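S.K.: For reference, the file coords.txt (compact mmCIF, C-alpha atoms) is included below:
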# COMPACT_ATOMS: atom_id res chain seq x y z
CA MET A 1 290.64 58.52 -81.38
CA ILE A 2 291.38 61.95 -79.93
CA SER A 3 294.28 62.05 -77.49
CA VAL A 4 293.24 63.02 -73.95
CA LYS A 5 296.46 65.02 -73.67
CA LEU A 6 295.39 67.42 -76.41
CA GLN A 7 293.48 70.53 -75.42
CA THR A 8 292.27 73.70 -77.12
CA ARG A 9 292.55 77.18 -75.65
CA VAL A 10 292.45 80.80 -76.72
CA ALA A 11 295.64 81.90 -78.48
CA ASN A 12 297.65 84.70 -76.91
CA PRO A 13 300.66 86.83 -77.95
CA THR A 14 303.12 84.44 -76.26
CA ASP A 15 302.14 81.84 -78.91
CA GLN A 16 303.47 83.99 -81.74
CA LYS A 17 306.70 82.07 -82.35
CA GLN A 18 305.04 78.65 -82.34
CA ILE A 19 302.23 79.83 -84.62
CA ALA A 20 304.78 81.36 -86.99
CA ASN A 21 306.57 78.01 -87.14
CA LEU A 22 303.31 76.32 -88.12
CA MET A 23 302.65 78.94 -90.80
CA PHE A 24 306.06 78.75 -92.43
CA PHE A 25 307.28 75.20 -91.93
CA GLU A 26 304.28 72.87 -92.08
CA SER A 27 302.71 71.40 -95.20
CA HIS A 28 299.02 71.80 -94.32
CA VAL A 29 298.55 75.55 -94.01
CA HIS A 30 295.57 77.66 -95.04
CA ARG A 31 296.10 81.43 -95.06
CA HIS A 32 293.42 83.90 -96.07
CA LEU A 33 294.36 86.67 -98.50
CA ASP A 34 294.34 89.64 -96.19
CA TRP A 35 295.81 93.09 -95.56
CA ARG A 36 296.95 91.78 -92.16
CA THR A 37 299.11 88.74 -91.47
CA PRO A 38 297.56 86.01 -89.29
CA LEU A 39 299.96 87.00 -86.51
CA ASP A 40 298.56 90.54 -86.55
CA TRP A 41 295.21 89.11 -85.40
CA LEU A 42 296.64 87.57 -82.22
CA GLY A 43 294.62 88.80 -79.26
CA SER A 44 291.40 88.99 -81.30
CA PRO A 45 288.38 86.82 -80.49
CA TYR A 46 287.93 83.54 -82.41
CA TYR A 47 291.62 82.58 -82.34
CA TRP A 48 292.50 79.22 -80.81
CA VAL A 49 295.41 76.80 -80.57
CA LEU A 50 295.55 73.06 -80.02
CA GLU A 51 298.36 72.13 -77.67
CA GLU A 52 299.95 69.23 -75.85
CA ASN A 53 302.33 69.81 -72.94
CA ALA A 54 302.59 73.52 -73.83
CA ARG A 55 303.52 72.71 -77.44
CA VAL A 56 301.22 74.26 -80.05
CA LEU A 57 300.29 71.59 -82.58
CA ALA A 58 297.54 73.38 -84.54
CA VAL A 59 295.88 76.78 -84.86
CA LEU A 60 292.55 78.15 -86.10
CA ALA A 61 291.94 81.88 -86.48
CA CYS A 62 288.67 83.33 -87.74
CA PRO A 63 288.40 86.83 -86.23
CA GLU A 64 285.19 88.72 -86.97
CA ASP A 65 285.71 91.51 -89.51
CA PRO A 66 283.45 93.05 -90.70
CA PRO A 67 280.86 92.47 -87.94
CA GLY A 68 278.88 89.31 -88.57
CA VAL A 69 281.54 87.75 -90.84
CA ALA A 70 284.45 85.63 -89.63
CA TRP A 71 286.84 84.62 -92.41
CA VAL A 72 289.08 81.66 -91.58
CA ARG A 73 292.37 83.53 -91.79
CA LEU A 74 294.60 80.71 -90.60
CA PHE A 75 294.43 76.97 -90.11
CA ALA A 76 297.59 74.93 -89.77
CA HIS A 77 298.84 71.87 -87.92
CA THR A 78 302.03 69.90 -87.33
CA ALA A 79 302.61 66.45 -88.79
CA SER A 80 302.53 65.04 -85.24
CA VAL A 81 298.75 65.46 -85.06
CA ASP A 82 296.30 64.12 -87.62
CA LEU A 83 294.80 66.72 -89.96
CA PHE A 84 291.19 65.68 -89.28
CA GLN A 85 291.79 65.41 -85.55
CA ALA A 86 293.29 68.92 -85.41
CA TRP A 87 290.44 70.43 -87.39
CA GLU A 88 287.73 68.51 -85.50
CA MET A 89 288.96 69.72 -82.11
CA LEU A 90 289.48 73.34 -83.10
CA TRP A 91 286.25 73.62 -85.09
CA HIS A 92 284.32 72.01 -82.22
CA THR A 93 285.65 74.74 -79.91
CA ALA A 94 284.80 77.42 -82.47
CA ARG A 95 281.19 76.23 -82.80
CA LEU A 96 280.80 76.39 -79.01
CA GLU A 97 282.47 79.76 -78.51
CA ILE A 98 281.26 81.83 -81.46
CA PRO A 99 277.51 81.80 -80.58
CA ARG A 100 278.27 83.50 -77.26
CA HIS A 101 279.02 86.68 -79.19
CA GLY A 102 276.08 86.53 -81.61
CA ALA A 103 275.27 85.10 -85.01
CA VAL A 104 278.23 84.95 -87.40
CA THR A 105 278.89 83.58 -90.88
CA VAL A 106 282.21 81.72 -90.93
CA ALA A 107 283.62 81.90 -94.46
CA VAL A 108 286.59 80.36 -96.25
CA ILE A 109 288.21 80.69 -99.66
CA ALA A 110 289.61 77.18 -99.96
CA MET A 111 292.98 77.51 -101.69
CA HIS A 112 293.73 73.78 -101.26
CA ASP A 113 291.66 70.70 -102.11
CA TRP A 114 292.45 69.06 -98.76
CA PHE A 115 290.87 71.97 -96.90
CA GLY A 116 287.81 72.09 -99.12
CA ALA A 117 287.18 68.40 -98.40
CA ILE A 118 287.34 68.98 -94.64
CA LEU A 119 284.99 71.96 -94.86
CA ALA A 120 282.43 70.01 -96.87
CA ASP A 121 282.55 67.17 -94.32
CA SER A 122 282.01 69.71 -91.53
CA GLY A 123 278.77 71.04 -93.02
CA PHE A 124 280.11 74.14 -94.78
CA ALA A 125 278.13 75.07 -97.90
CA HIS A 126 279.91 75.68 -101.20
CA THR A 127 278.30 79.02 -102.11
CA GLN A 128 280.31 80.28 -105.09
CA ASP A 129 283.78 80.32 -106.65
CA ILE A 130 286.46 82.95 -106.94
CA LEU A 131 287.72 83.29 -110.51
CA MET A 132 291.02 84.84 -111.57
CA LEU A 133 291.16 86.88 -114.78
CA GLU A 134 294.15 88.48 -116.46
CA LEU A 135 294.87 91.24 -118.94
CA HIS A 136 298.06 92.01 -120.82
CA THR A 137 298.20 95.77 -120.44
CA VAL A 138 299.75 96.35 -123.88
CA GLN A 139 296.58 94.89 -125.43
CA ALA A 140 294.13 97.09 -123.53
CA GLU A 141 292.25 99.71 -125.51
CA PRO A 142 292.16 103.28 -124.15
CA LEU A 143 288.77 104.68 -123.18
CA ALA A 144 287.50 108.22 -123.56
CA ARG A 145 286.74 109.68 -120.15
CA PRO A 146 283.44 111.52 -119.57
CA GLY A 147 284.05 115.19 -118.92
CA ASP A 148 282.36 115.14 -115.50
CA VAL A 149 284.61 112.38 -114.09
CA ARG A 150 287.94 113.05 -112.42
CA ILE A 151 290.28 110.25 -111.37
CA ARG A 152 293.06 111.04 -108.91
CA GLU A 153 295.31 109.30 -106.43
CA MET A 154 293.70 108.22 -103.17
CA THR A 155 294.81 109.86 -99.92
CA ARG A 156 294.25 108.94 -96.28
CA ASP A 157 291.67 111.72 -96.08
CA ASP A 158 289.53 109.74 -98.55
CA LEU A 159 289.36 106.56 -96.47
CA ALA A 160 286.16 107.27 -94.56
CA GLU A 161 284.28 108.01 -97.78
CA VAL A 162 285.95 105.09 -99.57
CA ALA A 163 284.69 102.81 -96.77
CA ARG A 164 281.15 104.13 -97.30
CA VAL A 165 281.42 103.40 -101.03
CA ASP A 166 282.68 99.90 -100.23
CA ALA A 167 279.84 99.20 -97.80
CA ALA A 168 277.24 100.35 -100.33
CA ALA A 169 278.75 98.42 -103.24
CA PHE A 170 279.32 95.00 -101.64
CA LYS A 171 277.31 92.46 -99.68
CA ARG A 172 278.41 92.16 -96.05
CA LEU A 173 280.47 89.03 -96.73
CA TRP A 174 282.79 90.95 -99.05
CA GLN A 175 282.94 94.34 -97.36
CA ASN A 176 286.21 95.92 -96.25
CA PRO A 177 285.76 98.28 -93.29
CA GLU A 178 287.78 101.46 -92.93
CA SER A 179 290.23 99.72 -90.60
CA SER A 180 291.15 97.26 -93.38
CA LEU A 181 291.26 99.94 -96.08
CA SER A 182 293.65 102.00 -93.96
CA LEU A 183 296.03 99.03 -94.04
CA ALA A 184 295.47 98.45 -97.76
CA LEU A 185 296.40 101.97 -98.84
CA PRO A 186 300.10 101.90 -97.84
CA GLN A 187 300.45 98.45 -99.41
CA ALA A 188 299.05 99.61 -102.75
CA SER A 189 301.13 100.27 -105.84
CA VAL A 190 298.25 102.24 -107.38
CA ALA A 191 295.20 103.50 -105.48
CA THR A 192 292.79 105.95 -107.11
CA VAL A 193 289.34 107.45 -106.62
CA ALA A 194 286.75 108.64 -109.14
CA GLU A 195 284.84 111.85 -108.48
CA ASN A 196 282.03 113.69 -110.21
CA GLU A 197 279.65 116.47 -109.19
CA ARG A 198 278.21 114.20 -106.47
CA GLY A 199 281.62 113.64 -104.88
CA LEU A 200 283.59 110.41 -104.51
CA VAL A 201 281.72 107.71 -106.39
CA GLY A 202 284.28 104.93 -106.91
CA TYR A 203 287.75 103.67 -106.14
CA GLN A 204 290.32 101.00 -106.90
CA ILE A 205 293.30 99.60 -104.99
CA SER A 206 295.99 97.55 -106.75
CA THR A 207 299.14 95.85 -105.54
CA ALA A 208 302.40 95.10 -107.32
CA ASN A 209 303.74 91.60 -107.94
CA PRO A 210 306.66 90.14 -109.93
CA PHE A 211 304.45 89.75 -113.01
CA GLY A 212 302.83 93.19 -112.97
CA ALA A 213 299.93 94.12 -110.71
CA HIS A 214 296.79 92.76 -109.11
CA LEU A 215 293.54 94.73 -108.93
CA ALA A 216 292.65 93.94 -105.33
CA ARG A 217 289.58 96.13 -104.96
CA LEU A 218 287.20 97.97 -107.29
CA ALA A 219 283.93 99.55 -106.18
CA VAL A 220 281.40 102.08 -107.48
CA ARG A 221 278.42 103.49 -105.59
CA PRO A 222 275.24 101.63 -106.62
CA GLU A 223 273.53 104.81 -107.85
CA ALA A 224 276.55 105.58 -110.06
CA GLN A 225 276.86 102.11 -111.58
CA ASN A 226 276.16 101.34 -115.25
CA GLN A 227 277.70 104.68 -116.23
CA GLY A 228 281.15 103.41 -117.18
CA LEU A 229 282.88 104.51 -113.98
CA GLY A 230 284.27 101.07 -113.19
CA ALA A 231 285.68 100.81 -116.70
CA GLN A 232 287.21 104.28 -116.38
CA LEU A 233 288.94 103.34 -113.12
CA VAL A 234 290.35 100.18 -114.71
CA ALA A 235 291.42 102.02 -117.90
CA ASP A 236 293.15 104.69 -115.84
CA LEU A 237 294.87 101.95 -113.82
CA VAL A 238 296.10 100.25 -116.99
CA GLU A 239 297.59 103.50 -118.25
CA ARG A 240 299.41 104.04 -114.95
CA LEU A 241 300.72 100.47 -115.10
CA ARG A 242 302.00 101.01 -118.62
CA GLN A 243 303.99 103.96 -117.32
CA GLN A 244 305.46 101.60 -114.70
CA ASP A 245 306.22 99.06 -117.45
CA ALA A 246 303.89 96.50 -115.83
CA LYS A 247 302.85 94.00 -118.49
CA ARG A 248 300.09 92.00 -116.75
CA LEU A 249 297.10 92.87 -114.61
CA THR A 250 295.12 90.23 -112.71
CA VAL A 251 291.84 90.46 -110.81
CA ASN A 252 289.65 88.09 -108.80
CA THR A 253 285.88 88.17 -108.74
CA GLN A 254 283.00 85.94 -107.67
CA SER A 255 281.58 83.48 -110.17
CA ASP A 256 278.07 84.84 -109.56
CA ASN A 257 279.04 88.52 -109.87
CA HIS A 258 277.80 88.79 -113.43
CA ALA A 259 278.14 92.56 -113.70
CA SER A 260 281.78 92.41 -112.64
CA LEU A 261 282.56 89.55 -115.01
CA ALA A 262 280.89 91.38 -117.89
CA LEU A 263 282.97 94.51 -117.21
CA TYR A 264 286.28 92.69 -117.13
CA ARG A 265 285.54 90.58 -120.18
CA LYS A 266 284.45 93.66 -122.13
CA MET A 267 287.80 95.27 -121.28
CA GLY A 268 289.75 92.29 -122.59
CA PHE A 269 290.36 90.22 -119.46
CA THR A 270 290.34 86.46 -119.90
CA GLU A 271 289.99 83.72 -117.31
CA SER A 272 293.33 82.27 -116.20
CA GLY A 273 291.80 78.91 -115.29
CA GLU A 274 292.37 79.37 -111.55
CA ARG A 275 289.20 78.89 -109.53
CA PHE A 276 288.80 78.64 -105.76
CA PRO A 277 285.61 77.56 -103.96
CA VAL A 278 284.03 79.70 -101.24
CA TYR A 279 282.53 77.86 -98.27
CA CYS A 280 280.22 79.35 -95.64
CA TYR A 281 278.84 78.11 -92.32
CA ASP A 282 276.17 80.11 -90.50
CA VAL A 283 276.64 79.97 -86.73
CA PRO A 284 273.43 81.10 -84.99
CA GLY A 285 273.64 83.40 -81.99
Could I get this file's structure written as structure tokens?
M.R.:
Amino acid sequence: MISVKLQTRVANPTDQKQIANLMFFESHVHRHLDWRTPLDWLGSPYYWVLEENARVLAVLACPEDPPGVAWVRLFAHTASVDLFQAWEMLWHTARLEIPRHGAVTVAVIAMHDWFGAILADSGFAHTQDILMLELHTVQAEPLARPGDVRIREMTRDDLAEVARVDAAAFKRLWQNPESSLSLALPQASVATVAENERGLVGYQISTANPFGAHLARLAVRPEAQNQGLGAQLVADLVERLRQQDAKRLTVNTQSDNHASLALYRKMGFTESGERFPVYCYDVPG
């Protein structure tokens, strides 16, 4: 039974400390892999808390970015409120509020089994999986680069064009708008673009970790695909990582992205065994 003392409301910046406590000290916490922290989204639409007597007991944040897509970037609750009760109340509010702003797909990469079970019970559809692959950079074979392709470091001046490449290369669910890419660039350990006579045709952004690096983003314009540009960007990245003495490169991709999987496997990547389901719920406008 839901306590009558519990209520949901829109989160605001004064909730920051209590939300941070939920994020860092509670056991049931879902955080989306993002260039922003969940606290950075405070003040955005689709961000709610569950409270009792001014105490925040749970939080749900699914801000819309890019337009039409709302990733669940944070869900967490205290042990003093039941997991299912917290989710039921917050998700009920979300389903009522989101349609007022138009149709949106709410999406989740379920990093924990407990969250996947709740999503399935709430009518979310399991649409695909995210697979992790890895490559030991010392084992990678060098590739000859076509003479008309130049790979160089990305600059802030490239971001608008990089965003256009991203939008053309990915379905809306997986697109990163320029606002996100502008946050990704300063967090990157290696960020490069590929150019030919047509201009900027591809890019990659990678981040450092204690084991080496993670290829966070790789995209090539559709009209320039199947010409080896993606492989050239990855091969160039591997060489740069070798110079940094990074021994391992990881990458995530969708289980149904057959072209991406074929590229990585051809270059020597192998599946690590980690697999995370993607759930989607279409909220009509």
S.K.: I'd like the neighbourhood of A:Ile151 as a list in words, where a residue qualifies if any of its atoms comes within 7 Å (using all atoms listed in the file), though same-chain residues fewer than 3 positions away should be ignored.
M.R.: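 The residues that qualify are Thr192, Val193, Ala194 and Glu195 of chain A.
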S.K.: Quick one: of A:Met111, A:Ala11, A:Ile205, A:Leu74, who's nearest to A:Leu131, counting all atoms listed in the file?
M.R.: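 Looking only at the distances to A:Leu131, the closest residue turns out to be A:Met111.
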S.K.: So, with only C-alpha atoms as the atoms that count, which of A:Leu96, A:Leu42, A:Leu261, A:Leu90 lies closest to A:His77?
M.R.: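 Ranking A:Leu96, A:Leu42, A:Leu261, A:Leu90 by distance to A:His77, first place goes to A:Leu90.
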S.K.: For the interface of stretch 206-251 of chain A with stretch 160-163 of chain A (cut-off 12 Å, counting only C-alpha atoms), please tabulate each contacting residue of stretch 206-251 of chain A alongside its nearest pair of atoms and their separation in Å to one decimal, rows sorted by chain and increasing number, as a tab-separated table.
M.R.:
residue	atom	partner	partner_atom	distance
A:Arg217	CA	A:Val162	CA	11.1
A:Leu218	CA	A:Val162	CA	10.6
A:Ala219	CA	A:Val162	CA	8.9
A:Val220	CA	A:Val162	CA	9.6
A:Arg221	CA	A:Val162	CA	9.8
S.K.: Please, could you write that set of residues out with C-alpha atoms as a compact mmCIF listing (two decimals), keeping the file's coordinate frame?
M.R.:
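In the end it all went to result_2.txt:
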# COMPACT_ATOMS: atom_id res chain seq x y z
CA ARG A 217 289.58 96.13 -104.96
CA LEU A 218 287.20 97.97 -107.29
CA ALA A 219 283.93 99.55 -106.18
CA VAL A 220 281.40 102.08 -107.48
CA ARG A 221 278.42 103.49 -105.59
S.K.: Could you pull out every residue with an atom within 6 Å of (292.0, 89.6, -121.2), file coordinates, counting all atoms listed in the file, and send them as number ranges by chain?
M.R.: A: 134-135, 268-270
S.K.: Excluding A:Glu197 and any residue of its chain fewer than 6 positions from it, enumerate the residues within 12 Å of it, using only C-alpha atoms, and give them as number ranges by chain.
M.R.: A: 147-150, 224
S.K.: With all atoms listed in the file as the atoms that count, which of A:Val190, A:Val238, A:Val81, A:Leu133 lies nearest to A:Lys5?
M.R.: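 Using all atoms listed in the file, the shortest distance to A:Lys5 belongs to A:Val81.
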S.K.: Counting all atoms listed in the file, which residues have an atom no more than 10 Å from (293.4, 67.7, -77.6) in the file's coordinates? Please list them as a list in words.
M.R.: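 The residues that fall inside the cut-off are Ile2, Ser3, Val4, Lys5, Leu6, Gln7, Thr8, Arg9, Val49, Leu50, Glu51, Glu52, Leu57, Ala58, Val81, Gln85, Ala86, Glu88, Met89 and Leu90 of chain A.
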S.K.: With only C-alpha atoms as the atoms that count, which of A:Arg275, A:Arg73, A:Arg152, A:His258 lies nearest to A:Met132?
M.R.: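 Among the listed residues, A:Arg275 lies closest to A:Met132.
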S.K.: Quick one: distance from atom CA of A:Arg198 to atom CA of A:Arg164 in Å, one decimal?
M.R.: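 Atom-to-atom, atom CA of A:Arg198 to atom CA of A:Arg164, that is 13.9 Å.
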S.K.: From the list A:Asp15, A:Glu153, A:Asp82, A:Glu178, which residue is nearest A:Leu237 when using only C-alpha atoms?
M.R.: A:Glu153
S.K.: In Å, how far is it from atom CA of A:Val10 to atom CA of A:Ala54?
M.R.: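 Atom CA of A:Ala54 lies at a distance of 12.8 Å from atom CA of A:Val10.
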S.K.: Might you pull out every residue within 10 Å of A:Ser122, with all atoms listed in the file counted and same-chain residues fewer than 4 positions away left off, and present them as a ChimeraX atom specification?
M.R.: /A:87-88,91-92,116-118,281
S.K.: Only C-alpha atoms, please: the residues just picked out, written as a PDB file, in the coordinates of the input.
M.R.:
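Writing the result to part-v8.pdb gives the following:
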ATOM      1  CA  TRP A  87     290.440  70.430 -87.390  1.00  0.00           C
ATOM      2  CA  GLU A  88     287.730  68.510 -85.500  1.00  0.00           C
ATOM      3  CA  TRP A  91     286.250  73.620 -85.090  1.00  0.00           C
ATOM      4  CA  HIS A  92     284.320  72.010 -82.220  1.00  0.00           C
ATOM      5  CA  GLY A 116     287.810  72.090 -99.120  1.00  0.00           C
ATOM      6  CA  ALA A 117     287.180  68.400 -98.400  1.00  0.00           C
ATOM      7  CA  ILE A 118     287.340  68.980 -94.640  1.00  0.00           C
ATOM      8  CA  TYR A 281     278.840  78.110 -92.320  1.00  0.00           C
TER       9      TYR A 281
END
S.K.: Which residue out of A:Asp65, A:Ala76, A:Ala231, A:Asn209 has the minimum interatomic distance to A:Leu22 when all atoms listed in the file are used?
M.R.: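 Using all atoms listed in the file, the shortest distance to A:Leu22 belongs to A:Ala76.
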S.K.: Identify, on the basis of only C-alpha atoms, every residue whose closest approach to A:Leu173 does not exceed 12 Å; exclude the query and any residue fewer than 3 positions from it along the same chain; express the result as a list in words.
M.R.: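 The filter keeps Glu64, Asp65, Pro66, Pro67, Gly68, Val69, Ala70, Trp71, Val104, Thr105, Val106, Ala107, Val108, Ile109, Thr127, Asp166, Ala167, Ala169, Phe170, Asn176, Pro177, Gln254, Val278, Tyr279, Cys280, Tyr281 and Asp282 of chain A.
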S.K.: Those same residues - C-alpha atoms - I'd like them written as a PDB file, in the coordinates of the input.
M.R.:
ATOM      1  CA  GLU A  64     285.190  88.720 -86.970  1.00  0.00           C
ATOM      2  CA  ASP A  65     285.710  91.510 -89.510  1.00  0.00           C
ATOM      3  CA  PRO A  66     283.450  93.050 -90.700  1.00  0.00           C
ATOM      4  CA  PRO A  67     280.860  92.470 -87.940  1.00  0.00           C
ATOM      5  CA  GLY A  68     278.880  89.310 -88.570  1.00  0.00           C
ATOM      6  CA  VAL A  69     281.540  87.750 -90.840  1.00  0.00           C
ATOM      7  CA  ALA A  70     284.450  85.630 -89.630  1.00  0.00           C
ATOM      8  CA  TRP A  71     286.840  84.620 -92.410  1.00  0.00           C
ATOM      9  CA  VAL A 104     278.230  84.950 -87.400  1.00  0.00           C
ATOM     10  CA  THR A 105     278.890  83.580 -90.880  1.00  0.00           C
ATOM     11  CA  VAL A 106     282.210  81.720 -90.930  1.00  0.00           C
ATOM     12  CA  ALA A 107     283.620  81.900 -94.460  1.00  0.00           C
ATOM     13  CA  VAL A 108     286.590  80.360 -96.250  1.00  0.00           C
ATOM     14  CA  ILE A 109     288.210  80.690 -99.660  1.00  0.00           C
ATOM     15  CA  THR A 127     278.300  79.020-102.110  1.00  0.00           C
ATOM     16  CA  ASP A 166     282.680  99.900-100.230  1.00  0.00           C
ATOM     17  CA  ALA A 167     279.840  99.200 -97.800  1.00  0.00           C
ATOM     18  CA  ALA A 169     278.750  98.420-103.240  1.00  0.00           C
ATOM     19  CA  PHE A 170     279.320  95.000-101.640  1.00  0.00           C
ATOM     20  CA  ASN A 176     286.210  95.920 -96.250  1.00  0.00           C
ATOM     21  CA  PRO A 177     285.760  98.280 -93.290  1.00  0.00           C
ATOM     22  CA  GLN A 254     283.000  85.940-107.670  1.00  0.00           C
ATOM     23  CA  VAL A 278     284.030  79.700-101.240  1.00  0.00           C
ATOM     24  CA  TYR A 279     282.530  77.860 -98.270  1.00  0.00           C
ATOM     25  CA  CYS A 280     280.220  79.350 -95.640  1.00  0.00           C
ATOM     26  CA  TYR A 281     278.840  78.110 -92.320  1.00  0.00           C
ATOM     27  CA  ASP A 282     276.170  80.110 -90.500  1.00  0.00           C
TER      28      ASP A 282
END
